[in-house]
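All remarks here apply to the structure that follows.
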Amino acid sequence: MALGLAVLATVHLAALGASFLAPYAPGRQNRTLPYASPTRVHVVDGAGHVHLRPFVHALSEAPGPGGAYEEDRSRAFPVRFLVRDDPEPRAPEGRLHLFGVEEPARIFLLGTDGFGRDQLSRLLHGAQISLFAGLLATVLSLATGWLLGTLAGFYGRWLDGIVMRAAEVFLALPWLYLLFAVRAVLPLHVSAGQAFLMLVLVIGLVDWARPARLVRGVVLSARERNYVLAARGFGASDLYLIRRHIAPQTFGLLLTQAALLVPQYILAEVTLSFLGLGVSEPVPSWGNMLAALQRYNVLASYWWMWAPGLALVPVFLAYFSLSEALHARVGPASP
């Protein structure tokens with residue numbers, strides 16, 4: 001559990017600090033360097049001298065077909081830390097970056113895409129979309145499921161019947177295809193911010209049924225406890241009973257469900273953006289970055305374009321290990 005939390009904390013903090021950690025702005029293009037391979041960082045020069053400060057060489061297109069690049073070893077460009085890029089309206093003094101090199105050299109630790117944009121910078125900024133879309137959609141889904149499940153379990157009767165029948169309808173439908181259907185009827189040509197909010201709303205409101213059923217089971221059991229019945233006998237209001245005695249018993253379940261749902265919703269955002277139904281270019285997300293792999297030449301020739309997909313693996317493993325640890329501590333939930 002500690003390792004999973006450490007991985008998740010590192011990934012999410014890196015996403016929050018993307019503008020500082022990334023060497024370039026995510027939309028900055030280098031049209032002369034499309035699909036450049038990851039930059040080699042050297043500490044030993046051609047004469048065999050060891051340098052304390054790492055350095056890189058400028059890239060130039062190699063002669064002959066194939067789009068390969070070669071290093072210009074006539075000059076070394078040391079890697080500098082805490083550098084500022086060119087001024088812009090939002091940052092008149094230039095944005096501060098953790099590292100960088102002087103032009104005409106470039107440092108592409110994860111290579112570039114077809115427009116010469118730095119993959120590492122886009123990966124970090126894309127994490128802000130993909131990771132936090134999953135987090136916000138999980139909060140929305142669990143809040144909706146908790147509210148409906150609590151009301152259904154606490155009041156029962158006709159309200160319980162309506163909520164549970166609606167939940168059965170949502171559970172009977174394949175949620176990913178339902179997600180496609182809902183997103184398909186929404187406008188396609190929207191701004192990046194609007195697309196992000198639509199993704200969160202669509203993903204979060206489609207899969208509320210399972211948390212609602214689990215919360216309902218906990219509430220059905222909790223409302224019959226002796227101390228709840230005693231509090232009701234002393235005149236406690238329904239709101240007081242839910243807030244003081246019922247809701248705290250659902251928090252462990254919600255944490256476990258959150259650890260399970262976040263990776264599912266991240267994958268949903270990646271899938272929608274991969275298919276062109278989510279956040280679109282030029283704003284990066286892990287999904288639209290992976291969309292370049294739909295072209296066979298990119299898939300077969302440029303391995304660094306797989307970086308967003310590879311980044312999903314430790315994130316998913318960390319969330320699943322966290323969910324197993326929480327499940328072991330909280331115990332199985334009553335359906």
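Ordered as shown in the structure tokens, chains take letters A, B, and onward, while each chain numbers its residues from 1 and ligands are numbered from 1 in the order shown.
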
Kindly assemble as a Markdown table a list of the range 65-162 of chain A residues that lie within 10 Å of range 311-325 of chain A, each paired with its nearest atom pair and their distance in Å to one decimal, using only C-alpha atoms, sorted first by chain and then by ascending residue number.
| residue | atom | partner | partner_atom | distance |
| --- | --- | --- | --- | --- |
| A:Leu123 | CA | A:Ala311 | CA | 8.7 |
| A:Ala127 | CA | A:Ala311 | CA | 9.4 |
| A:Ser130 | CA | A:Leu312 | CA | 9.9 |
| A:Leu131 | CA | A:Val315 | CA | 9.2 |

Which polymer residues have any atom within 6 Å of an atom of range 76-84 of chain A, counting only C-alpha atoms, with same-chain residues fewer than 4 positions away left out, as a ChimeraX atom specification?
/A:54-57,94-101

Output the selection as an mmCIF file, in the first residue's frame - N, CA, C and O atoms for each residue.
data_model
loop_
_atom_site.group_PDB
_atom_site.id
_atom_site.type_symbol
_atom_site.label_atom_id
_atom_site.label_comp_id
_atom_site.auth_asym_id
_atom_site.auth_seq_id
_atom_site.Cartn_x
_atom_site.Cartn_y
_atom_site.Cartn_z
ATOM 1 N N PRO A 54 26.190 17.506 -17.396
ATOM 2 C CA PRO A 54 25.760 16.787 -18.612
ATOM 3 C C PRO A 54 25.536 17.765 -19.760
ATOM 4 O O PRO A 54 25.195 18.938 -19.554
ATOM 5 N N PHE A 55 25.686 17.285 -20.981
ATOM 6 C CA PHE A 55 25.518 18.144 -22.141
ATOM 7 C C PHE A 55 24.884 17.356 -23.278
ATOM 8 O O PHE A 55 24.831 16.116 -23.260
ATOM 9 N N VAL A 56 24.389 18.086 -24.262
ATOM 10 C CA VAL A 56 23.792 17.487 -25.457
ATOM 11 C C VAL A 56 24.391 18.165 -26.672
ATOM 12 O O VAL A 56 25.067 19.199 -26.570
ATOM 13 N N HIS A 57 24.137 17.570 -27.828
ATOM 14 C CA HIS A 57 24.527 18.155 -29.096
ATOM 15 C C HIS A 57 23.280 18.525 -29.887
ATOM 16 O O HIS A 57 22.216 17.902 -29.725
ATOM 17 N N GLY A 94 8.723 35.045 -18.699
ATOM 18 C CA GLY A 94 9.021 33.684 -19.142
ATOM 19 C C GLY A 94 8.744 32.687 -18.039
ATOM 20 O O GLY A 94 8.875 32.982 -16.853
ATOM 21 N N ARG A 95 8.337 31.504 -18.435
ATOM 22 C CA ARG A 95 8.034 30.464 -17.452
ATOM 23 C C ARG A 95 9.317 29.781 -16.988
ATOM 24 O O ARG A 95 10.222 29.531 -17.773
ATOM 25 N N LEU A 96 9.338 29.465 -15.711
ATOM 26 C CA LEU A 96 10.493 28.794 -15.124
ATOM 27 C C LEU A 96 10.376 27.292 -15.339
ATOM 28 O O LEU A 96 9.330 26.697 -15.070
ATOM 29 N N HIS A 97 11.455 26.678 -15.828
ATOM 30 C CA HIS A 97 11.500 25.238 -16.063
ATOM 31 C C HIS A 97 12.639 24.624 -15.267
ATOM 32 O O HIS A 97 13.652 25.275 -15.000
ATOM 33 N N LEU A 98 12.467 23.361 -14.931
ATOM 34 C CA LEU A 98 13.474 22.678 -14.124
ATOM 35 C C LEU A 98 14.805 22.590 -14.860
ATOM 36 O O LEU A 98 15.862 22.773 -14.263
ATOM 37 N N PHE A 99 14.752 22.284 -16.152
ATOM 38 C CA PHE A 99 15.991 22.155 -16.923
ATOM 39 C C PHE A 99 15.743 22.567 -18.364
ATOM 40 O O PHE A 99 14.596 22.690 -18.814
ATOM 41 N N GLY A 100 16.826 22.770 -19.080
ATOM 42 C CA GLY A 100 16.752 23.142 -20.485
ATOM 43 C C GLY A 100 18.148 23.328 -21.054
ATOM 44 O O GLY A 100 19.149 23.201 -20.342
ATOM 45 N N VAL A 101 18.215 23.616 -22.332
ATOM 46 C CA VAL A 101 19.495 23.870 -23.009
ATOM 47 C C VAL A 101 19.332 25.095 -23.898
ATOM 48 O O VAL A 101 18.223 25.478 -24.262
#

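Using only C-alpha atoms, the nearest neighbour of Ala68 in chain A within the list A:Leu33, A:His51, A:Glu168, A:Ser141 is A:Leu33.
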
Using only C-alpha atoms, can you tell me which of A:His12, A:His125, A:His245, A:Arg213 comes closest to Ala166 in chain A?
A:Arg213

Might you pull out every residue within 9 Å of Ala222 in chain A, with only C-alpha atoms counted and same-chain residues fewer than 2 positions away left off, and present them as a count of residues only?
11

Which of range 18-206 of chain A fall in alpha helix (DSSP H), as a ChimeraX atom specification:
/A:18-21,119-155,157-172,175-184,192-206

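Closest approach to Arg31 in chain A from the set A:Glu269, A:Asp72, A:Glu61, A:Asp160 is made by A:Glu61, with distances taken over only C-alpha atoms.
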
List the spatial neighbours of Pro187 in chain A as a ChimeraX atom specification - criterion: any atom at most 10 Å away, only C-alpha atoms, same-chain residues fewer than 4 positions off excluded.
/A:183,194-195,198,277

File dump, residues just selected, C-alpha atoms, as a CSV table (one decimal), in the first residue's frame:
chain,number,residue,atom,x,y,z
A,183,ARG,CA,-20.9,11.4,-25.7
A,194,GLN,CA,-15.7,22.5,-22.2
A,195,ALA,CA,-14.6,19.1,-23.6
A,198,MET,CA,-18.3,17.3,-20.6
A,277,LEU,CA,-14.6,12.1,-28.8

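Between Ser285 in chain A and the residues A:Leu8, A:Leu3, A:Ala15, A:Leu254, the shortest atom-to-atom distance, using only C-alpha atoms, involves A:Ala15.
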
For Val11 in chain A, which of A:Phe115, A:Trp304, A:Phe132, A:Tyr227 is the closest residue, counting only C-alpha atoms?
A:Phe132

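The residue that comes closest to Tyr24 in chain A, out of A:Glu103, A:Asp45, A:Asp207, A:Asp85 and on the basis of only C-alpha atoms, is A:Asp85.
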